[in-house]
$ cat run26.txt   # compact mmCIF, C-alpha atoms
# COMPACT_ATOMS: atom_id res chain seq x y z
CA MET A 13 111.73 163.08 150.24
CA PHE A 14 111.50 166.07 152.57
CA ALA A 15 112.51 169.72 152.76
CA LEU A 16 115.76 170.53 154.55
CA GLY A 17 116.69 174.20 154.77
CA GLY A 18 116.35 175.48 151.23
CA ALA A 19 117.00 172.05 149.72
CA ARG A 20 115.48 168.56 149.55
CA ALA A 21 116.70 165.37 151.16
CA VAL A 22 115.96 161.67 151.05
CA PHE A 23 117.17 158.47 152.70
CA THR A 24 116.83 155.41 150.51
CA ASN A 25 116.13 151.85 151.68
CA ARG A 26 117.01 148.49 150.17
CA ARG A 27 113.93 148.23 147.92
CA GLY A 28 113.34 149.15 144.29
CA GLY A 29 116.58 148.08 142.62
CA VAL A 30 117.95 145.20 140.56
CA SER A 31 120.67 143.65 142.76
CA GLN A 32 120.40 139.99 143.68
CA ALA A 33 120.74 138.51 147.18
CA PRO A 34 122.46 139.20 149.50
CA TYR A 35 122.52 142.74 148.09
CA ASP A 36 118.84 142.82 147.19
CA THR A 37 117.77 145.10 145.78
CA LEU A 38 118.73 148.81 145.74
CA ASN A 39 122.39 148.46 146.68
CA LEU A 40 124.21 151.72 145.94
CA GLY A 41 127.67 150.59 147.07
CA PRO A 42 130.11 149.48 144.34
CA HIS A 43 132.70 148.25 146.85
CA VAL A 44 130.84 145.42 148.59
CA GLY A 45 131.10 142.60 146.03
CA ASP A 46 127.87 143.21 144.12
CA ASP A 47 127.64 143.04 140.31
CA PRO A 48 129.00 146.41 139.09
CA ALA A 49 126.37 146.56 136.35
CA ALA A 50 123.59 146.16 138.93
CA VAL A 51 125.04 148.91 141.12
CA ALA A 52 125.34 151.22 138.13
CA GLN A 53 121.72 150.55 137.20
CA ASN A 54 120.61 151.13 140.80
CA ARG A 55 122.37 154.49 140.78
CA ARG A 56 120.66 155.42 137.54
CA ILE A 57 117.32 154.48 139.11
CA VAL A 58 118.04 156.91 141.95
CA ASP A 59 119.22 159.67 139.59
CA ASP A 60 116.04 159.33 137.54
CA ALA A 61 113.81 159.30 140.64
CA ILE A 62 115.24 162.53 142.09
CA GLY A 63 115.97 164.33 138.81
CA HIS A 64 119.64 164.96 139.60
CA GLU A 65 122.92 163.17 139.06
CA VAL A 66 124.33 162.09 142.42
CA VAL A 67 127.99 162.69 143.19
CA TRP A 68 129.33 159.87 145.35
CA MET A 69 132.46 159.51 147.48
CA LYS A 70 135.00 156.78 148.03
CA GLN A 71 134.54 156.70 151.80
CA THR A 72 137.49 155.75 154.01
CA HIS A 73 136.39 156.67 157.58
CA SER A 74 138.54 159.79 157.45
CA ALA A 75 138.04 163.45 158.38
CA ARG A 76 138.55 164.52 154.77
CA VAL A 77 136.10 167.02 153.26
CA GLU A 78 136.07 167.68 149.50
CA ARG A 79 134.32 170.41 147.56
CA VAL A 80 132.42 169.38 144.44
CA ARG A 81 133.20 171.80 141.65
CA ALA A 82 131.49 172.53 138.35
CA GLY A 83 132.88 170.38 135.55
CA TYR A 84 134.23 167.69 137.87
CA THR A 85 131.13 165.77 138.92
CA HIS A 86 132.36 162.71 137.00
CA LEU A 87 135.09 162.24 139.62
CA THR A 88 134.68 160.19 142.81
CA PRO A 89 136.51 162.06 145.58
CA VAL A 90 138.27 160.11 148.31
CA ALA A 91 136.52 161.71 151.26
CA ASP A 92 133.93 161.27 153.98
CA SER A 93 132.18 164.57 153.42
CA LEU A 94 131.19 166.41 150.25
CA VAL A 95 130.33 170.10 150.08
CA VAL A 96 128.95 172.02 147.11
CA ASP A 97 128.08 175.63 146.34
CA VAL A 98 125.33 175.25 143.75
CA ALA A 99 125.90 178.85 142.62
CA ASP A 100 129.13 177.64 140.97
CA PHE A 101 127.03 175.43 138.70
CA ARG A 102 124.41 178.07 137.97
CA ARG A 103 127.07 180.57 136.93
CA VAL A 104 128.27 178.29 134.12
CA GLY A 105 124.87 176.86 133.22
CA LEU A 106 125.50 173.30 134.35
CA GLY A 107 122.92 170.97 135.88
CA LEU A 108 122.84 171.05 139.66
CA PRO A 109 124.23 167.92 141.33
CA ALA A 110 122.99 165.98 144.33
CA LEU A 111 125.40 164.68 146.97
CA GLY A 112 125.25 161.13 148.31
CA VAL A 113 126.60 159.29 151.34
CA MET A 114 126.49 155.48 151.59
CA VAL A 115 125.94 153.64 154.87
CA ALA A 116 125.03 150.29 156.39
CA ASP A 117 125.23 151.17 160.13
CA CYS A 118 127.19 154.45 160.16
CA VAL A 119 125.38 157.76 160.46
CA PRO A 120 124.45 159.57 157.23
CA VAL A 121 124.25 163.32 157.80
CA LEU A 122 122.75 165.71 155.25
CA ILE A 123 123.19 169.48 155.56
CA ALA A 124 121.70 172.42 153.65
CA SER A 125 121.85 176.16 154.09
CA ASP A 126 118.60 178.04 154.62
CA ASP A 127 118.72 179.37 151.04
CA GLY A 128 119.71 176.01 149.54
CA ARG A 129 122.94 177.36 148.07
CA TYR A 130 125.26 175.19 150.15
CA LEU A 131 124.84 171.44 150.54
CA ALA A 132 126.83 168.75 152.33
CA ALA A 133 126.67 164.96 152.69
CA VAL A 134 128.63 163.48 155.59
CA HIS A 135 129.64 159.90 156.48
CA ALA A 136 129.94 159.71 160.26
CA GLY A 137 130.87 156.30 161.61
CA ARG A 138 132.79 155.65 164.80
CA ALA A 139 136.01 156.98 163.23
CA GLY A 140 134.12 159.98 161.87
CA VAL A 141 132.82 160.75 165.33
CA VAL A 142 136.31 160.46 166.84
CA ASN A 143 137.81 162.64 164.09
CA ASN A 144 134.80 165.01 164.22
CA ILE A 145 134.00 165.00 160.53
CA VAL A 146 131.00 167.19 161.41
CA ALA A 147 133.25 169.99 162.68
CA GLU A 148 135.53 169.63 159.64
CA THR A 149 132.51 170.01 157.37
CA SER A 150 131.37 173.06 159.30
CA ARG A 151 134.81 174.64 158.91
CA VAL A 152 134.74 174.15 155.14
CA LEU A 153 131.27 175.67 154.93
CA ARG A 154 132.43 178.64 157.02
CA ARG A 155 135.26 179.21 154.56
CA CYS A 156 132.64 179.17 151.80
CA GLY A 157 130.92 182.04 153.60
CA VAL A 158 127.99 180.37 155.37
CA SER A 159 127.67 180.51 159.16
CA PRO A 160 126.52 177.42 161.12
CA ASP A 161 123.32 179.10 162.31
CA ARG A 162 122.17 179.12 158.67
CA LEU A 163 122.69 175.37 158.32
CA HIS A 164 120.04 172.68 158.79
CA ALA A 165 120.95 169.02 159.30
CA ALA A 166 119.14 165.71 158.94
CA VAL A 167 120.53 162.67 160.77
CA GLY A 168 119.56 159.47 159.01
CA PRO A 169 119.04 155.83 160.05
CA CYS A 170 122.01 154.17 161.73
CA ILE A 171 122.77 151.41 164.20
CA CYS A 172 121.30 152.25 167.60
CA ALA A 173 123.00 152.14 171.00
CA ARG A 174 121.03 149.01 171.95
CA CYS A 175 122.71 147.11 169.11
CA TYR A 176 126.17 148.62 168.72
CA GLU A 177 128.15 146.60 171.24
CA VAL A 178 131.84 147.47 171.60
CA PRO A 179 134.67 146.60 174.00
CA ALA A 180 134.63 148.59 177.23
CA ASP A 181 137.97 150.27 176.49
CA LEU A 182 136.74 151.42 173.10
CA ARG A 183 133.61 152.90 174.67
CA THR A 184 135.79 154.72 177.19
CA HIS A 185 138.10 156.08 174.50
CA VAL A 186 135.32 157.40 172.26
CA SER A 187 133.28 158.77 175.16
CA GLN A 188 136.25 160.71 176.53
CA LEU A 189 136.20 162.63 173.25
CA VAL A 190 132.41 162.74 172.81
CA PRO A 191 130.57 162.08 176.11
CA ALA A 192 127.22 161.66 174.32
CA ALA A 193 128.56 158.44 172.76
CA TRP A 194 128.55 156.51 176.08
CA ALA A 195 125.83 153.86 176.10
CA THR A 196 124.89 150.29 176.96
CA THR A 197 123.18 147.60 174.92
CA ARG A 198 119.86 145.97 175.81
CA ARG A 199 121.97 143.31 177.58
CA ALA A 200 123.72 146.01 179.65
CA THR A 201 127.05 145.52 177.85
CA PRO A 202 129.20 148.45 176.64
CA SER A 203 128.05 150.19 173.46
CA LEU A 204 128.30 153.44 171.55
CA ASP A 205 125.46 155.78 170.68
CA LEU A 206 126.61 157.15 167.34
CA ARG A 207 123.33 158.96 166.73
CA SER A 208 123.54 160.95 169.97
CA ALA A 209 127.24 161.65 169.40
CA VAL A 210 126.64 163.09 165.93
CA VAL A 211 123.69 165.18 167.11
CA ALA A 212 125.85 166.56 169.94
CA GLN A 213 128.62 167.46 167.48
CA LEU A 214 126.17 169.18 165.13
CA ARG A 215 124.76 171.25 167.97
CA GLU A 216 128.23 172.05 169.26
CA VAL A 217 129.14 173.75 165.98
CA GLY A 218 125.85 175.66 166.00
CA CYS A 219 124.01 173.76 163.27
CA ASN A 220 120.22 173.45 163.46
CA VAL A 221 119.25 169.77 163.75
CA ALA A 222 115.98 169.57 161.84
CA PHE A 223 115.49 165.80 161.61
CA ILE A 224 116.72 162.78 163.58
CA SER A 225 115.71 159.33 162.36
CA LYS A 226 114.80 156.81 165.04
CA ARG A 227 115.28 153.82 162.74
CA CYS A 228 118.01 151.32 163.63
CA THR A 229 119.74 149.63 160.73
CA ALA A 230 120.38 146.44 162.71
CA GLU A 231 116.71 146.14 163.70
CA ASP A 232 115.02 147.25 160.48
CA THR A 233 115.34 144.65 157.70
CA ARG A 234 114.25 147.27 155.13
CA LEU A 235 117.72 148.79 155.60
CA TYR A 236 121.19 147.37 155.04
CA SER A 237 123.24 146.53 158.14
CA TYR A 238 126.82 145.31 158.11
CA ARG A 239 126.62 144.37 161.80
CA ARG A 240 123.52 142.24 161.20
CA ASP A 241 124.35 140.64 157.86
CA GLY A 242 128.07 140.95 157.15
CA THR A 243 127.96 140.72 153.35
CA THR A 244 125.35 143.28 152.36
CA GLY A 245 124.67 146.43 150.35
CA ARG A 246 124.58 150.13 151.16
CA PHE A 247 121.66 152.54 151.30
CA ALA A 248 122.14 156.27 151.01
CA GLY A 249 121.40 159.73 152.25
CA ILE A 250 121.04 162.19 149.39
CA ILE A 251 120.80 165.98 149.50
CA MET A 252 119.75 167.94 146.40
CA PRO A 253 118.79 171.48 145.35
$ encode --input "run26.txt" --output "structure tokens"
Amino acid sequence: MFALGGARAVFTNRRGGVSQAPYDTLNLGPHVGDDPAAVAQNRRIVDDAIGHEVVWMKQTHSARVERVRAGYTHLTPVADSLVVDVADFRRVGLGLPALGVMVADCVPVLIASDDGRYLAAVHAGRAGVVNNIVAETSRVLRRCGVSPDRLHAAVGPCICARCYEVPADLRTHVSQLVPAAWATTRRATPSLDLRSAVVAQLREVGCNVAFISKRCTAEDTRLYSYRRDGTTGRFAGIIMP
């Protein structure tokens, strides 16, 4: 766990839970074929460890941003970015929630304002990069009243450019929209650099990039990777007050 703006952030790994292979052990994704009871217990383990209830999303590789509102944390929004104003919860005396984003190669992005009042968790895969979910999140936060220069972002573990091979025409298409995404694999074949693309989009909107993980999900067996394993679990990025 580490400080991010006026908040705290953490990226989980695949250790410390109860799921059986091939989801072993701290799978936080209920949509990948794992035992629902095991996933629910894993989520409780995380809630207990951080001292907050995590609000999760049903992620669909969209550009949809949803605000988490007091009294509705039991819902699972269909979105790829969650935003919360923790002052809404303080005003009515409710416990402050954490926000979670699940990944297994995509880029988890956590954002906090300098005073910790505004938090966001963003799921930025290839589609998220193309649809610029980062800019959509920034727009929602602006409407909440916080300017990008007050925001601090952490970019979590994701598949690296050396491993994320794609067809040449797909690389061309994505890179025309986000030039930082152009890359090649270790075998000199076309690839995408999602990490660099997301960092470029964060900086373009004026957000301070405080942390960039160098870990590759496909190379690090302590993390889940869909590209590497196919049937597998999901780890998470979590931002909390």
$ residues_around --input "run26.txt" --residues "Glu177 of chain A" --least-positions-apart "4" --cutoff "8 Å" --atoms "all atoms listed in the file" --output "PyMOL selection string"
chain A and resi 173+196-197+201-204
$ closest_residue --input "run26.txt" --among "A:Val30, A:Ala15, A:Cys175, A:Leu182" --to "Asp117 of chain A" --atoms "only C-alpha atoms"
A:Cys175
$ atom_distance --input "run26.txt" --atom1 "atom CA of Val141 of chain A" --atom2 "atom CA of Arg20 of chain A"
24.7 Å
$ residues_around --input "run26.txt" --residues "His135 of chain A" --least-positions-apart "4" --cutoff "8 Å" --atoms "all atoms listed in the file" --output "PyMOL selection string"
chain A and resi 71+73+92-93+113-115+118-121+140+145
$ residues_around --input "run26.txt" --residues "Ala21 of chain A" --least-positions-apart "5" --cutoff "10 Å" --atoms "only C-alpha atoms" --output "PyMOL selection string"
chain A and resi 13-16+62+110-112+122-124+165-166+249-253
$ closest_residue --input "run26.txt" --among "A:Leu131, A:Cys172, A:Ala82, A:Ala33" --to "Gly45 of chain A" --atoms "only C-alpha atoms"
A:Ala33
$ atom_distance --input "run26.txt" --atom1 "atom CA of Ala180 of chain A" --atom2 "atom CA of Val211 of chain A"
22.3 Å
$ decode --input "run26.txt" --residues "segment 143-155 of chain A" --atoms "all heavy atoms" --output "PDB file, in the first residue's frame"
ATOM      1  N   ASN A 143     -10.827   4.488 -26.854  1.00  0.00           N
ATOM      2  CA  ASN A 143     -11.959   5.339 -26.471  1.00  0.00           C
ATOM      3  C   ASN A 143     -11.583   6.431 -25.480  1.00  0.00           C
ATOM      4  O   ASN A 143     -12.420   7.253 -25.121  1.00  0.00           O
ATOM      5  CB  ASN A 143     -13.066   4.478 -25.866  1.00  0.00           C
ATOM      6  CG  ASN A 143     -13.697   3.546 -26.867  1.00  0.00           C
ATOM      7  OD1 ASN A 143     -13.948   3.928 -28.003  1.00  0.00           O
ATOM      8  ND2 ASN A 143     -13.946   2.309 -26.463  1.00  0.00           N
ATOM      9  N   ASN A 144     -10.327   6.430 -25.033  1.00  0.00           N
ATOM     10  CA  ASN A 144      -9.774   7.414 -24.101  1.00  0.00           C
ATOM     11  C   ASN A 144     -10.602   7.515 -22.822  1.00  0.00           C
ATOM     12  O   ASN A 144     -11.122   8.577 -22.466  1.00  0.00           O
ATOM     13  CB  ASN A 144      -9.626   8.791 -24.755  1.00  0.00           C
ATOM     14  CG  ASN A 144      -8.499   9.591 -24.106  1.00  0.00           C
ATOM     15  OD1 ASN A 144      -8.080   9.311 -22.976  1.00  0.00           O
ATOM     16  ND2 ASN A 144      -7.996  10.589 -24.815  1.00  0.00           N
ATOM     17  N   ILE A 145     -10.703   6.382 -22.144  1.00  0.00           N
ATOM     18  CA  ILE A 145     -11.398   6.340 -20.863  1.00  0.00           C
ATOM     19  C   ILE A 145     -10.741   7.271 -19.845  1.00  0.00           C
ATOM     20  O   ILE A 145     -11.404   7.791 -18.954  1.00  0.00           O
ATOM     21  CB  ILE A 145     -11.452   4.885 -20.334  1.00  0.00           C
ATOM     22  CG1 ILE A 145     -12.318   4.764 -19.080  1.00  0.00           C
ATOM     23  CG2 ILE A 145     -10.057   4.344 -20.089  1.00  0.00           C
ATOM     24  CD1 ILE A 145     -13.774   4.952 -19.302  1.00  0.00           C
ATOM     25  N   VAL A 146      -9.440   7.518 -20.006  1.00  0.00           N
ATOM     26  CA  VAL A 146      -8.744   8.455 -19.111  1.00  0.00           C
ATOM     27  C   VAL A 146      -9.316   9.856 -19.257  1.00  0.00           C
ATOM     28  O   VAL A 146      -9.603  10.544 -18.259  1.00  0.00           O
ATOM     29  CB  VAL A 146      -7.234   8.446 -19.400  1.00  0.00           C
ATOM     30  CG1 VAL A 146      -6.546   9.656 -18.774  1.00  0.00           C
ATOM     31  CG2 VAL A 146      -6.597   7.155 -18.881  1.00  0.00           C
ATOM     32  N   ALA A 147      -9.492  10.319 -20.487  1.00  0.00           N
ATOM     33  CA  ALA A 147     -10.040  11.659 -20.715  1.00  0.00           C
ATOM     34  C   ALA A 147     -11.485  11.748 -20.236  1.00  0.00           C
ATOM     35  O   ALA A 147     -11.901  12.782 -19.689  1.00  0.00           O
ATOM     36  CB  ALA A 147      -9.949  12.026 -22.191  1.00  0.00           C
ATOM     37  N   GLU A 148     -12.264  10.670 -20.428  1.00  0.00           N
ATOM     38  CA  GLU A 148     -13.643  10.666 -19.946  1.00  0.00           C
ATOM     39  C   GLU A 148     -13.680  10.795 -18.430  1.00  0.00           C
ATOM     40  O   GLU A 148     -14.509  11.521 -17.869  1.00  0.00           O
ATOM     41  CB  GLU A 148     -14.351   9.382 -20.384  1.00  0.00           C
ATOM     42  CG  GLU A 148     -14.617   9.290 -21.869  1.00  0.00           C
ATOM     43  CD  GLU A 148     -15.545  10.384 -22.360  1.00  0.00           C
ATOM     44  OE1 GLU A 148     -16.518  10.713 -21.650  1.00  0.00           O
ATOM     45  OE2 GLU A 148     -15.296  10.930 -23.451  1.00  0.00           O
ATOM     46  N   THR A 149     -12.776  10.094 -17.753  1.00  0.00           N
ATOM     47  CA  THR A 149     -12.706  10.184 -16.298  1.00  0.00           C
ATOM     48  C   THR A 149     -12.326  11.596 -15.865  1.00  0.00           C
ATOM     49  O   THR A 149     -12.896  12.147 -14.917  1.00  0.00           O
ATOM     50  CB  THR A 149     -11.682   9.174 -15.754  1.00  0.00           C
ATOM     51  OG1 THR A 149     -12.041   7.855 -16.201  1.00  0.00           O
ATOM     52  CG2 THR A 149     -11.629   9.202 -14.242  1.00  0.00           C
ATOM     53  N   SER A 150     -11.367  12.186 -16.557  1.00  0.00           N
ATOM     54  CA  SER A 150     -10.957  13.550 -16.244  1.00  0.00           C
ATOM     55  C   SER A 150     -12.111  14.532 -16.406  1.00  0.00           C
ATOM     56  O   SER A 150     -12.286  15.455 -15.591  1.00  0.00           O
ATOM     57  CB  SER A 150      -9.787  13.957 -17.141  1.00  0.00           C
ATOM     58  OG  SER A 150      -9.409  15.299 -16.926  1.00  0.00           O
ATOM     59  N   ARG A 151     -12.932  14.331 -17.442  1.00  0.00           N
ATOM     60  CA  ARG A 151     -14.070  15.227 -17.667  1.00  0.00           C
ATOM     61  C   ARG A 151     -15.076  15.126 -16.513  1.00  0.00           C
ATOM     62  O   ARG A 151     -15.626  16.140 -16.059  1.00  0.00           O
ATOM     63  CB  ARG A 151     -14.743  14.903 -19.003  1.00  0.00           C
ATOM     64  CG  ARG A 151     -14.088  15.585 -20.187  1.00  0.00           C
ATOM     65  CD  ARG A 151     -14.936  15.460 -21.426  1.00  0.00           C
ATOM     66  NE  ARG A 151     -14.745  14.175 -22.083  1.00  0.00           N
ATOM     67  CZ  ARG A 151     -13.801  13.912 -22.970  1.00  0.00           C
ATOM     68  NH1 ARG A 151     -12.923  14.851 -23.295  1.00  0.00           N
ATOM     69  NH2 ARG A 151     -13.704  12.737 -23.532  1.00  0.00           N
ATOM     70  N   VAL A 152     -15.331  13.902 -16.051  1.00  0.00           N
ATOM     71  CA  VAL A 152     -16.268  13.731 -14.938  1.00  0.00           C
ATOM     72  C   VAL A 152     -15.720  14.400 -13.684  1.00  0.00           C
ATOM     73  O   VAL A 152     -16.444  15.083 -12.949  1.00  0.00           O
ATOM     74  CB  VAL A 152     -16.541  12.236 -14.693  1.00  0.00           C
ATOM     75  CG1 VAL A 152     -17.319  12.029 -13.400  1.00  0.00           C
ATOM     76  CG2 VAL A 152     -17.298  11.643 -15.874  1.00  0.00           C
ATOM     77  N   LEU A 153     -14.441  14.236 -13.428  1.00  0.00           N
ATOM     78  CA  LEU A 153     -13.833  14.866 -12.258  1.00  0.00           C
ATOM     79  C   LEU A 153     -13.859  16.389 -12.364  1.00  0.00           C
ATOM     80  O   LEU A 153     -14.060  17.088 -11.364  1.00  0.00           O
ATOM     81  CB  LEU A 153     -12.407  14.355 -12.075  1.00  0.00           C
ATOM     82  CG  LEU A 153     -12.305  12.912 -11.566  1.00  0.00           C
ATOM     83  CD1 LEU A 153     -10.904  12.354 -11.779  1.00  0.00           C
ATOM     84  CD2 LEU A 153     -12.693  12.838 -10.098  1.00  0.00           C
ATOM     85  N   ARG A 154     -13.668  16.913 -13.564  1.00  0.00           N
ATOM     86  CA  ARG A 154     -13.788  18.370 -13.759  1.00  0.00           C
ATOM     87  C   ARG A 154     -15.180  18.854 -13.393  1.00  0.00           C
ATOM     88  O   ARG A 154     -15.352  19.893 -12.748  1.00  0.00           O
ATOM     89  CB  ARG A 154     -13.492  18.728 -15.220  1.00  0.00           C
ATOM     90  CG  ARG A 154     -12.060  19.090 -15.512  1.00  0.00           C
ATOM     91  CD  ARG A 154     -11.978  19.614 -16.939  1.00  0.00           C
ATOM     92  NE  ARG A 154     -10.619  19.791 -17.367  1.00  0.00           N
ATOM     93  CZ  ARG A 154      -9.880  20.846 -17.096  1.00  0.00           C
ATOM     94  NH1 ARG A 154     -10.372  21.828 -16.373  1.00  0.00           N
ATOM     95  NH2 ARG A 154      -8.643  20.918 -17.536  1.00  0.00           N
ATOM     96  N   ARG A 155     -16.197  18.083 -13.823  1.00  0.00           N
ATOM     97  CA  ARG A 155     -17.574  18.471 -13.516  1.00  0.00           C
ATOM     98  C   ARG A 155     -17.842  18.396 -12.016  1.00  0.00           C
ATOM     99  O   ARG A 155     -18.722  19.103 -11.504  1.00  0.00           O
ATOM    100  CB  ARG A 155     -18.561  17.589 -14.289  1.00  0.00           C
ATOM    101  CG  ARG A 155     -18.590  17.861 -15.792  1.00  0.00           C
ATOM    102  CD  ARG A 155     -19.835  17.320 -16.439  1.00  0.00           C
ATOM    103  NE  ARG A 155     -19.881  15.866 -16.426  1.00  0.00           N
ATOM    104  CZ  ARG A 155     -19.380  15.090 -17.382  1.00  0.00           C
ATOM    105  NH1 ARG A 155     -18.787  15.642 -18.445  1.00  0.00           N
ATOM    106  NH2 ARG A 155     -19.472  13.787 -17.299  1.00  0.00           N
TER     107      ARG A 155
END
